[in-house]
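Enquirer: Could you have a look at this structure, given as structure tokens, before my questions?
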Amino acid sequence: MCGIVGYIGERQAQPILLNCLSHLEYRGYDSCGIAVSDGAVKVYKDAVRVAELKKTMPDFDGSLGIGHTRWATHGEPSRVNAHPHGDCQNEVSVVHNGIINNFLKLKQQLTSEGHTFVSETDSEVIPHLIEKYYAGDLEKAVERALADIEGSYAIIVMGYGENTLIAARKDSPLVIALGDRENYIASDVPAVLDYTSRVIYLEDGDIATVTAGGVSFRNGGKTAKRSEHKVDWSVEEARKGGYEHYMLKEIHEQPRVIRDTLGDWLPNGEPFEDLKKMSEDGTRTLLMLGCGTSYHAALVGKYIAQEMLGLPVRAELASEFNYHGRALPETLAVTLTQSGETADVLMAIKRLKDVGCRVMAITNVNGSSVSRLADHTIITRAGPEISVAATKSFLAQLMVLYWLMMSCARVEPKRQAEMVLQLRHMASRVTQVLDSEAEIAERAGYLAKYNDVFFIGRGINYPVALEGALKLKEISYVHAEGFAAGELKHGPFALLGREKPVIAVLTQDATHQTMLTSIREVKARGSPLMVLASEGDDSADSLADFTITVPRVDPLFSPVVNTVTLQLLAYHIARKRGCPVDFPKNLAKSVTVE
Ligand code: AGP
């Protein structure tokens, strides 16, 4: 997803902007560029990585500037489509993240008024609109231009020799970071952590005027006040810390994440009361929502809630819910999103609130759009997740779900005590998995030659099969699919054979026997077979080509150890295939468009 940055201060803007952009690379991009002003705007951009841009670009003098990493939506990745974009006279320069829905209409109108466009992007209409409305005041021109725009945006504008940056947002994240006689603007906090940890999050509709000495806000034509937050992520937390890839570092951080998330978070407050009430009188419905990996956490949450609360629970993809989903006002919705900026989830929350539902958000980013929209927010303690593939944020989401449901559980005190004990030991169980990385990497070597891999699981490990497949496909480009094991015979059997390995997640719960049946069926159809089995369970040994042993835990908690095993498997397959693990092609960390 596009990333934007801005700097205004007393230092040279160019190296600062390039550094900030390099910390936004994790969002995924295909081209990049910067513009610097010393009164006149100078632009350099190309369809290259930030490091390449840095090598080739000339030195631009100037202490204010803007930068952009582009994730193509309108027009191919190319120099001309890269940002910043300018007006006809090159007096104004704009970087944009988002999508302008009515850009074609605006472009036609502006063209008929004499404006010349050079790119295929929707974003280019913004500088032309500003040019059209500029009458000596950049902020006013931006405000007027934005009134014409339908869609989503986070923008930074500079130009006309004014010593200010104008920033604005609607449905796309944007943060202002405060320094000493200098200020920064960025799509995301990791971009600016080298310089400051004091941030202000823009609200939807905000227009901020940023100078070296201060920031002022307007919203809906009126002055607005925004409060400052302190970011408690260290620079080190946001960097690789000696690992070859962010993904591997983030996988290895999971024992710490579990401890922090459980240790930090104590159930209290109204939403827990809502859940408690639901579990007592059963009059409300619980709806869990998310996208991608966060949707898989929602699915696991559904199984946890059904077992602990004894209630029927729905888990839905936010992107589907937005068009076809129905919820009654008495529904309690639990929305999961690592970034807190996923457009589909934001839309779902708005839709749920419109019908009067209470919405709880579980997110990793304090101050994110979702956290500001939900009735109640629980912040996971994963720390910054840079790799596009979600790993530690997923585990942190699971920890919150376990705690949340346990705090309202309708189970015997003995069972409750057992579950608390399981959770207390979860970090060391994950460490056990990490200790077996060499064995998992060896298995990965065997699987790396295949181009199709299937994952099967049942019950609470069905979402784990989906997550294993998602992880593998997104970082290794291997075609991977997850199935509920019982569904194999309803179609996927047709695909099995020597070239189609199957990874089966076997758990010692009520599904154990039927899973063994599925494993036999797979074996009979000739697919290479790898089984994840609990310590001491040798029931599939004679059938499997390989077994990976995972620590024995209560089956309810088995998604934790199984997922970490599959994360490592996916990582090592991708590494062996020489894939760019952290920044897979065509993907973005934070999906801020619908
Ligand atoms: C996970 O590995 C993916 N990159 C992706 O599916 C992600 O989980 C999804 O885009 C949702 O993101 P969110 O948790 O920030 O809402």
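Lettering and numbering for the structure tokens are positional, with chains as A, B, ... in the shown order, residues counted from 1 in each chain, and ligands counted from 1 in the shown order.
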Using only C-alpha atoms and all ligand atoms, tabulate the residues of chain A lying at most 7 Å from any atom of ligand 1, each with its closest atom pair and that distance in Å to one decimal, by chain and increasing residue number, as a Markdown table.
Expert:
| residue | atom | partner | partner_atom_place_in_ligand_line | distance |
| --- | --- | --- | --- | --- |
| A:Gly290 | CA | ligand 1 | 16 (O) | 6.3 |
| A:Cys291 | CA | ligand 1 | 11 (C) | 4.6 |
| A:Gly292 | CA | ligand 1 | 6 (O) | 3.2 |
| A:Thr293 | CA | ligand 1 | 8 (O) | 3.7 |
| A:Ser294 | CA | ligand 1 | 14 (O) | 4.7 |
| A:Leu336 | CA | ligand 1 | 14 (O) | 6.5 |
| A:Thr337 | CA | ligand 1 | 14 (O) | 3.5 |
| A:Gln338 | CA | ligand 1 | 14 (O) | 3.6 |
| A:Ser339 | CA | ligand 1 | 15 (O) | 3.6 |
| A:Gly340 | CA | ligand 1 | 15 (O) | 5.7 |
| A:Glu341 | CA | ligand 1 | 15 (O) | 6.3 |
| A:Thr342 | CA | ligand 1 | 16 (O) | 4.6 |
| A:Val345 | CA | ligand 1 | 16 (O) | 6.7 |
| A:Val388 | CA | ligand 1 | 4 (N) | 4.9 |
| A:Ala389 | CA | ligand 1 | 2 (O) | 3.4 |
| A:Ala390 | CA | ligand 1 | 2 (O) | 3.8 |
| A:Thr391 | CA | ligand 1 | 2 (O) | 6.9 |
| A:Leu470 | CA | ligand 1 | 2 (O) | 6.9 |
| A:Lys471 | CA | ligand 1 | 2 (O) | 5.9 |
| A:Ala588 | CA | ligand 1 | 4 (N) | 6.9 |
| A:Lys589 | CA | ligand 1 | 4 (N) | 5.7 |
| A:Ser590 | CA | ligand 1 | 15 (O) | 5.5 |
| A:Val591 | CA | ligand 1 | 10 (O) | 5.6 |
Enquirer: Output the selection as a PDB file, in the first residue's frame - N, CA and C atoms for each residue.
Expert:
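File out-v9.pdb, as written:
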ATOM      1  N   GLY A 290     -12.990  -9.988  10.359  1.00  0.00           N
ATOM      2  CA  GLY A 290     -11.612  -9.612  10.034  1.00  0.00           C
ATOM      3  C   GLY A 290     -11.334  -9.928   8.563  1.00  0.00           C
ATOM      4  N   CYS A 291     -10.123  -9.671   8.139  1.00  0.00           N
ATOM      5  CA  CYS A 291      -9.697  -9.997   6.771  1.00  0.00           C
ATOM      6  C   CYS A 291      -8.399 -10.797   6.859  1.00  0.00           C
ATOM      7  N   GLY A 292      -8.157 -11.648   5.876  1.00  0.00           N
ATOM      8  CA  GLY A 292      -6.893 -12.381   5.787  1.00  0.00           C
ATOM      9  C   GLY A 292      -6.600 -13.129   7.078  1.00  0.00           C
ATOM     10  N   THR A 293      -5.388 -12.942   7.565  1.00  0.00           N
ATOM     11  CA  THR A 293      -4.976 -13.624   8.799  1.00  0.00           C
ATOM     12  C   THR A 293      -5.873 -13.233   9.973  1.00  0.00           C
ATOM     13  N   SER A 294      -6.267 -11.986  10.034  1.00  0.00           N
ATOM     14  CA  SER A 294      -7.133 -11.562  11.137  1.00  0.00           C
ATOM     15  C   SER A 294      -8.491 -12.267  11.063  1.00  0.00           C
ATOM     16  N   LEU A 336     -11.280  -7.774  14.305  1.00  0.00           N
ATOM     17  CA  LEU A 336      -9.840  -8.004  14.482  1.00  0.00           C
ATOM     18  C   LEU A 336      -9.088  -7.395  13.314  1.00  0.00           C
ATOM     19  N   THR A 337      -8.052  -6.633  13.611  1.00  0.00           N
ATOM     20  CA  THR A 337      -7.206  -6.074  12.564  1.00  0.00           C
ATOM     21  C   THR A 337      -5.863  -5.663  13.153  1.00  0.00           C
ATOM     22  N   GLN A 338      -4.816  -6.230  12.614  1.00  0.00           N
ATOM     23  CA  GLN A 338      -3.478  -5.895  13.098  1.00  0.00           C
ATOM     24  C   GLN A 338      -3.217  -4.395  12.950  1.00  0.00           C
ATOM     25  N   SER A 339      -3.398  -3.901  11.724  1.00  0.00           N
ATOM     26  CA  SER A 339      -3.025  -2.516  11.416  1.00  0.00           C
ATOM     27  C   SER A 339      -4.004  -1.502  11.979  1.00  0.00           C
ATOM     28  N   GLY A 340      -5.258  -1.917  12.108  1.00  0.00           N
ATOM     29  CA  GLY A 340      -6.290  -0.974  12.527  1.00  0.00           C
ATOM     30  C   GLY A 340      -6.665  -0.010  11.417  1.00  0.00           C
ATOM     31  N   GLU A 341      -6.187  -0.289  10.200  1.00  0.00           N
ATOM     32  CA  GLU A 341      -6.447   0.625   9.081  1.00  0.00           C
ATOM     33  C   GLU A 341      -7.083  -0.082   7.889  1.00  0.00           C
ATOM     34  N   THR A 342      -7.384  -1.350   8.005  1.00  0.00           N
ATOM     35  CA  THR A 342      -7.922  -2.095   6.865  1.00  0.00           C
ATOM     36  C   THR A 342      -9.285  -1.524   6.459  1.00  0.00           C
ATOM     37  N   VAL A 345     -12.459  -3.504   7.060  1.00  0.00           N
ATOM     38  CA  VAL A 345     -12.869  -3.608   8.465  1.00  0.00           C
ATOM     39  C   VAL A 345     -13.502  -2.284   8.923  1.00  0.00           C
ATOM     40  N   VAL A 388       5.189  -8.192   5.669  1.00  0.00           N
ATOM     41  CA  VAL A 388       3.814  -8.193   5.157  1.00  0.00           C
ATOM     42  C   VAL A 388       3.033  -9.389   5.722  1.00  0.00           C
ATOM     43  N   ALA A 389       3.704 -10.502   5.877  1.00  0.00           N
ATOM     44  CA  ALA A 389       3.033 -11.689   6.424  1.00  0.00           C
ATOM     45  C   ALA A 389       2.804 -11.504   7.929  1.00  0.00           C
ATOM     46  N   ALA A 390       1.566 -11.590   8.317  1.00  0.00           N
ATOM     47  CA  ALA A 390       1.236 -11.428   9.742  1.00  0.00           C
ATOM     48  C   ALA A 390       1.592 -12.699  10.501  1.00  0.00           C
ATOM     49  N   THR A 391       2.363 -12.553  11.572  1.00  0.00           N
ATOM     50  CA  THR A 391       2.711 -13.722  12.394  1.00  0.00           C
ATOM     51  C   THR A 391       2.428 -13.415  13.865  1.00  0.00           C
ATOM     52  N   LEU A 470      -2.368 -19.690   3.663  1.00  0.00           N
ATOM     53  CA  LEU A 470      -2.222 -18.261   3.336  1.00  0.00           C
ATOM     54  C   LEU A 470      -0.765 -17.822   3.496  1.00  0.00           C
ATOM     55  N   LYS A 471      -0.153 -18.261   4.620  1.00  0.00           N
ATOM     56  CA  LYS A 471       1.241 -17.881   4.868  1.00  0.00           C
ATOM     57  C   LYS A 471       2.126 -18.372   3.732  1.00  0.00           C
ATOM     58  N   ALA A 588       0.443  -5.660   0.194  1.00  0.00           N
ATOM     59  CA  ALA A 588       0.725  -4.509   1.033  1.00  0.00           C
ATOM     60  C   ALA A 588       0.452  -4.872   2.483  1.00  0.00           C
ATOM     61  N   LYS A 589       1.172  -4.251   3.381  1.00  0.00           N
ATOM     62  CA  LYS A 589       1.000  -4.553   4.799  1.00  0.00           C
ATOM     63  C   LYS A 589      -0.338  -4.054   5.314  1.00  0.00           C
ATOM     64  N   SER A 590      -0.649  -2.868   4.875  1.00  0.00           N
ATOM     65  CA  SER A 590      -1.846  -2.239   5.407  1.00  0.00           C
ATOM     66  C   SER A 590      -2.757  -1.965   4.218  1.00  0.00           C
ATOM     67  N   VAL A 591      -3.889  -2.660   4.140  1.00  0.00           N
ATOM     68  CA  VAL A 591      -4.710  -2.568   2.925  1.00  0.00           C
ATOM     69  C   VAL A 591      -5.793  -1.509   3.147  1.00  0.00           C
TER      70      VAL A 591
END
Enquirer: Would you kindly return, as a ChimeraX atom specification, each protein, DNA or RNA residue with an atom no farther than 12 Å from any atom of Asp122 of chain A, considering only C-alpha atoms and excluding same-chain residues fewer than 3 positions away?
Expert: /A:72-75,81-83,85,95-108,117-119,125-128,149-153
Enquirer: Store the residues picked out above, limited to C-alpha atoms, as a JSON list (two decimals), in the first residue's frame.
Expert:
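Here's the written file again.json:
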[["chain", "number", "residue", "atom", "x", "y", "z"],
["A", 72, "ALA", "CA", -0.03, 0.75, -8.27],
["A", 73, "THR", "CA", -3.81, 0.93, -8.56],
["A", 74, "HIS", "CA", -4.40, 3.26, -11.54],
["A", 75, "GLY", "CA", -1.73, 2.77, -14.19],
["A", 81, "ASN", "CA", 2.90, 7.26, -12.69],
["A", 82, "ALA", "CA", 5.12, 7.47, -9.60],
["A", 83, "HIS", "CA", 4.45, 10.24, -7.06],
["A", 85, "HIS", "CA", 2.56, 14.58, -8.90],
["A", 95, "VAL", "CA", 1.76, 12.69, -2.59],
["A", 96, "HIS", "CA", -1.39, 10.62, -2.14],
["A", 97, "ASN", "CA", -2.40, 7.33, -0.60],
["A", 98, "GLY", "CA", -5.96, 6.18, -1.31],
["A", 99, "ILE", "CA", -8.32, 6.06, -4.25],
["A", 100, "ILE", "CA", -10.22, 8.90, -5.87],
["A", 101, "ASN", "CA", -13.45, 7.39, -7.11],
["A", 102, "ASN", "CA", -14.56, 10.34, -9.26],
["A", 103, "PHE", "CA", -11.15, 11.02, -10.82],
["A", 104, "LEU", "CA", -12.30, 10.37, -14.39],
["A", 105, "LYS", "CA", -15.03, 13.00, -14.15],
["A", 106, "LEU", "CA", -12.63, 15.47, -12.52],
["A", 107, "LYS", "CA", -9.94, 14.75, -15.11],
["A", 108, "GLN", "CA", -12.36, 15.39, -17.99],
["A", 117, "PHE", "CA", -2.26, 15.40, -17.46],
["A", 118, "VAL", "CA", 0.82, 13.27, -17.88],
["A", 119, "SER", "CA", 0.04, 10.12, -15.86],
["A", 125, "VAL", "CA", -6.20, 15.34, -10.33],
["A", 126, "ILE", "CA", -5.27, 16.64, -6.84],
["A", 127, "PRO", "CA", -2.45, 19.04, -7.83],
["A", 128, "HIS", "CA", -4.51, 20.23, -10.78],
["A", 149, "ILE", "CA", -13.00, 14.69, -4.33],
["A", 150, "GLU", "CA", -14.95, 11.50, -3.64],
["A", 151, "GLY", "CA", -12.97, 8.58, -2.27],
["A", 152, "SER", "CA", -10.23, 8.02, 0.25],
["A", 153, "TYR", "CA", -7.04, 9.94, 0.74]]
Enquirer: Taking into account only C-alpha atoms, which residue in the set A:Val522, A:Ala343, A:Ala145, A:Met288 is nearest to Pro173 of chain A?
Expert: A:Ala343
Enquirer: Near Gly136 of chain A, within 12 Å and counting only C-alpha atoms, which residues show up once chain neighbours fewer than 5 positions away are dropped, as an mmCIF file with C-alpha atoms, in the first residue's frame?
Expert:
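New file around.cif:
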data_model
loop_
_atom_site.group_PDB
_atom_site.id
_atom_site.type_symbol
_atom_site.label_atom_id
_atom_site.label_comp_id
_atom_site.auth_asym_id
_atom_site.auth_seq_id
_atom_site.Cartn_x
_atom_site.Cartn_y
_atom_site.Cartn_z
ATOM 1 C CA ILE A 130 -5.188 22.832 -6.149
ATOM 2 C CA GLU A 131 -3.763 24.808 -9.069
ATOM 3 C CA ALA A 141 -6.794 25.786 -2.051
ATOM 4 C CA VAL A 142 -6.316 22.265 -0.623
ATOM 5 C CA GLY A 159 4.213 24.456 -3.184
ATOM 6 C CA TYR A 160 3.891 28.052 -4.306
ATOM 7 C CA GLY A 161 7.024 28.883 -2.303
ATOM 8 C CA GLU A 162 5.046 28.644 0.962
#
Enquirer: Go through A:Val355, A:Ala504, A:Ile475, A:Ile304 and flag the residue nearest Ile460 of chain A, using only C-alpha atoms for the distances.
Expert: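 Ranking A:Val355, A:Ala504, A:Ile475, A:Ile304 by distance to Ile460 of chain A, first place goes to A:Ile304.
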Enquirer: List as a list in words the protein and nucleic acid residues near segment 183-196 of chain A, meaning an atom at most 7 Å away when only C-alpha atoms are counted, but skip any in the same chain fewer than 6 places from it.
Expert: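 Those residues are Gly3, Ile4, Val5, Gly6, Tyr7, Ile8, Gly9, Cys20, Leu21, His23, Leu24, Pro173, Leu174, Val175, Ile176, Ala177, Ala212, Val235 and Ala238 of chain A.
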Enquirer: Which polymer residues have any atom within 12 Å of an atom of His296 of chain A, counting only C-alpha atoms, with same-chain residues fewer than 5 positions away left out, as a ChimeraX atom specification?
Expert: /A:288-291,301-303,315-318,335-337,390-391,393-395,397-398,460-471,482,559,563
Enquirer: I want to know what sits within 8 Å of segment 574-586 of chain A, based on only C-alpha atoms, with residues of the same chain fewer than 3 positions away left out; could you give that as a short mmCIF file (atom, residue, chain, number, x, y, z; two decimals) with all heavy atoms, in the first residue's frame?
Expert:
data_model
loop_
_atom_site.label_atom_id
_atom_site.label_comp_id
_atom_site.auth_asym_id
_atom_site.auth_seq_id
_atom_site.Cartn_x
_atom_site.Cartn_y
_atom_site.Cartn_z
N GLU A 25 8.94 0.74 3.43
CA GLU A 25 9.00 -0.28 2.36
C GLU A 25 8.16 -1.49 2.69
O GLU A 25 7.61 -2.14 1.81
CB GLU A 25 10.45 -0.72 2.15
CG GLU A 25 11.29 0.32 1.46
CD GLU A 25 12.66 -0.22 1.06
OE1 GLU A 25 13.39 -0.63 1.97
OE2 GLU A 25 12.95 -0.25 -0.14
N TYR A 26 8.05 -1.80 4.00
CA TYR A 26 7.31 -2.99 4.41
C TYR A 26 5.86 -2.94 3.96
O TYR A 26 5.19 -3.97 3.90
CB TYR A 26 7.37 -3.15 5.93
CG TYR A 26 6.51 -2.16 6.68
CD1 TYR A 26 5.22 -2.49 7.04
CD2 TYR A 26 6.99 -0.90 7.02
CE1 TYR A 26 4.42 -1.59 7.72
CE2 TYR A 26 6.21 0.00 7.69
CZ TYR A 26 4.92 -0.35 8.05
OH TYR A 26 4.13 0.55 8.70
N ARG A 27 5.33 -1.75 3.65
CA ARG A 27 3.92 -1.67 3.26
C ARG A 27 3.70 -2.25 1.87
O ARG A 27 2.56 -2.48 1.46
CB ARG A 27 3.46 -0.21 3.29
CG ARG A 27 3.44 0.39 4.68
CD ARG A 27 3.35 1.89 4.62
NE ARG A 27 2.08 2.36 4.08
CZ ARG A 27 1.02 2.64 4.82
NH1 ARG A 27 1.05 2.52 6.12
NH2 ARG A 27 -0.10 3.08 4.26
N GLY A 28 4.80 -2.45 1.13
CA GLY A 28 4.69 -2.96 -0.23
C GLY A 28 4.63 -1.79 -1.20
O GLY A 28 3.89 -0.84 -0.98
N TYR A 29 5.45 -1.81 -2.27
CA TYR A 29 5.44 -0.72 -3.24
C TYR A 29 6.14 -1.16 -4.51
O TYR A 29 6.84 -2.18 -4.54
CB TYR A 29 6.10 0.54 -2.65
CG TYR A 29 7.61 0.45 -2.52
CD1 TYR A 29 8.45 1.16 -3.37
CD2 TYR A 29 8.19 -0.35 -1.55
CE1 TYR A 29 9.83 1.08 -3.25
CE2 TYR A 29 9.57 -0.44 -1.42
CZ TYR A 29 10.39 0.28 -2.28
OH TYR A 29 11.74 0.18 -2.15
N TRP A 71 2.06 1.91 -4.59
CA TRP A 71 1.54 0.56 -4.82
C TRP A 71 0.46 0.73 -5.88
O TRP A 71 -0.60 1.28 -5.60
CB TRP A 71 0.96 0.03 -3.51
CG TRP A 71 0.57 -1.40 -3.49
CD1 TRP A 71 1.38 -2.48 -3.53
CD2 TRP A 71 -0.76 -1.92 -3.35
NE1 TRP A 71 0.65 -3.64 -3.44
CE2 TRP A 71 -0.66 -3.32 -3.33
CE3 TRP A 71 -2.02 -1.33 -3.24
CZ2 TRP A 71 -1.77 -4.16 -3.21
CZ3 TRP A 71 -3.12 -2.14 -3.12
CH2 TRP A 71 -3.00 -3.54 -3.11
N HIS A 245 15.43 -11.81 8.04
CA HIS A 245 14.19 -11.17 7.59
C HIS A 245 13.37 -10.72 8.80
O HIS A 245 13.42 -11.34 9.85
CB HIS A 245 13.35 -12.15 6.76
CG HIS A 245 13.99 -12.58 5.50
ND1 HIS A 245 14.60 -13.80 5.36
CD2 HIS A 245 14.15 -11.93 4.31
CE1 HIS A 245 15.09 -13.90 4.14
NE2 HIS A 245 14.85 -12.79 3.48
N TYR A 246 12.56 -9.69 8.57
CA TYR A 246 11.64 -9.26 9.62
C TYR A 246 10.71 -10.41 10.02
O TYR A 246 10.39 -10.58 11.19
CB TYR A 246 10.77 -8.09 9.13
CG TYR A 246 11.48 -6.77 9.08
CD1 TYR A 246 11.77 -6.15 7.87
CD2 TYR A 246 11.86 -6.13 10.26
CE1 TYR A 246 12.42 -4.92 7.83
CE2 TYR A 246 12.50 -4.90 10.23
CZ TYR A 246 12.78 -4.31 9.00
OH TYR A 246 13.42 -3.10 8.98
N MET A 247 10.28 -11.18 9.03
CA MET A 247 9.32 -12.24 9.35
C MET A 247 9.90 -13.21 10.37
O MET A 247 9.23 -13.59 11.34
CB MET A 247 8.89 -13.00 8.09
CG MET A 247 7.83 -14.05 8.40
SD MET A 247 7.37 -14.98 6.93
CE MET A 247 6.23 -16.16 7.62
N ILE A 386 6.49 -5.59 10.78
CA ILE A 386 6.96 -4.99 9.54
C ILE A 386 6.72 -5.92 8.35
O ILE A 386 6.29 -5.49 7.29
CB ILE A 386 8.46 -4.65 9.64
CG1 ILE A 386 8.75 -3.78 10.88
CG2 ILE A 386 8.97 -3.99 8.37
CD1 ILE A 386 8.09 -2.44 10.89
N SER A 387 7.03 -7.20 8.53
CA SER A 387 6.85 -8.14 7.42
C SER A 387 5.38 -8.13 6.97
O SER A 387 4.48 -8.07 7.81
CB SER A 387 7.23 -9.55 7.88
OG SER A 387 7.01 -10.45 6.83
N VAL A 388 5.19 -8.19 5.67
CA VAL A 388 3.81 -8.19 5.16
C VAL A 388 3.03 -9.39 5.72
O VAL A 388 1.85 -9.29 6.02
CB VAL A 388 3.83 -8.20 3.61
CG1 VAL A 388 2.47 -8.57 3.04
CG2 VAL A 388 4.24 -6.82 3.09
N ALA A 389 3.70 -10.50 5.88
CA ALA A 389 3.03 -11.69 6.42
C ALA A 389 2.80 -11.50 7.93
O ALA A 389 3.74 -11.29 8.68
CB ALA A 389 3.90 -12.92 6.18
N ALA A 444 11.03 -28.26 5.27
CA ALA A 444 10.74 -27.23 4.26
C ALA A 444 11.55 -27.50 3.00
O ALA A 444 11.06 -27.32 1.87
CB ALA A 444 11.07 -25.85 4.82
N GLY A 445 12.78 -27.98 3.19
CA GLY A 445 13.65 -28.29 2.05
C GLY A 445 13.00 -29.34 1.16
O GLY A 445 13.07 -29.28 -0.07
N ALA A 448 9.93 -27.64 -0.67
CA ALA A 448 10.17 -26.44 -1.49
C ALA A 448 10.07 -26.68 -2.99
O ALA A 448 9.85 -25.75 -3.76
CB ALA A 448 11.54 -25.85 -1.14
N LEU A 472 1.92 -19.64 3.34
CA LEU A 472 2.79 -20.21 2.30
C LEU A 472 2.59 -19.50 0.97
O LEU A 472 3.56 -19.12 0.32
CB LEU A 472 2.52 -21.72 2.16
CG LEU A 472 3.43 -22.43 1.17
CD1 LEU A 472 4.88 -22.33 1.60
CD2 LEU A 472 3.03 -23.90 1.03
N GLU A 474 1.44 -16.50 0.27
CA GLU A 474 1.80 -15.08 0.15
C GLU A 474 3.30 -14.84 0.11
O GLU A 474 3.76 -13.93 -0.55
CB GLU A 474 1.10 -14.21 1.20
CG GLU A 474 1.60 -14.33 2.60
CD GLU A 474 0.87 -13.40 3.57
OE1 GLU A 474 0.58 -12.26 3.21
OE2 GLU A 474 0.63 -13.82 4.72
N ILE A 475 4.08 -15.69 0.79
CA ILE A 475 5.52 -15.38 0.80
C ILE A 475 6.34 -16.26 -0.14
O ILE A 475 7.47 -15.91 -0.46
CB ILE A 475 6.12 -15.44 2.22
CG1 ILE A 475 5.97 -16.83 2.83
CG2 ILE A 475 5.51 -14.39 3.11
CD1 ILE A 475 6.82 -16.99 4.09
N SER A 476 5.79 -17.41 -0.57
CA SER A 476 6.61 -18.29 -1.42
C SER A 476 6.07 -18.40 -2.84
O SER A 476 6.68 -19.02 -3.70
CB SER A 476 6.68 -19.69 -0.82
OG SER A 476 5.40 -20.29 -0.95
N TYR A 477 4.88 -17.80 -3.06
CA TYR A 477 4.20 -17.85 -4.37
C TYR A 477 3.84 -19.29 -4.77
O TYR A 477 3.60 -19.56 -5.95
CB TYR A 477 5.03 -17.20 -5.48
CG TYR A 477 5.60 -15.83 -5.14
CD1 TYR A 477 6.81 -15.42 -5.66
CD2 TYR A 477 4.91 -14.96 -4.30
CE1 TYR A 477 7.33 -14.17 -5.36
CE2 TYR A 477 5.42 -13.72 -3.98
CZ TYR A 477 6.63 -13.32 -4.51
OH TYR A 477 7.14 -12.09 -4.21
N ALA A 570 6.48 -22.21 6.30
CA ALA A 570 6.29 -21.29 5.17
C ALA A 570 7.53 -20.42 4.98
O ALA A 570 8.00 -20.23 3.84
CB ALA A 570 5.06 -20.42 5.41
N TYR A 571 8.06 -19.90 6.08
CA TYR A 571 9.24 -19.03 5.99
C TYR A 571 10.39 -19.76 5.30
O TYR A 571 11.01 -19.23 4.37
CB TYR A 571 9.67 -18.56 7.39
CG TYR A 571 11.01 -17.86 7.35
CD1 TYR A 571 11.11 -16.54 6.92
CD2 TYR A 571 12.19 -18.54 7.66
CE1 TYR A 571 12.34 -15.90 6.82
CE2 TYR A 571 13.43 -17.92 7.56
CZ TYR A 571 13.50 -16.60 7.14
OH TYR A 571 14.72 -15.97 7.02
#
Enquirer: Output as an MDAnalysis selection string all residues of segment 139-353 of chain A that backbone DSSP marks as strand (DSSP E).
Expert: chainID A and resid 153:159 165:170 175:178 183:186 198:201 206:210 215:219 222:224 229:230 286:290 313:317 332:337
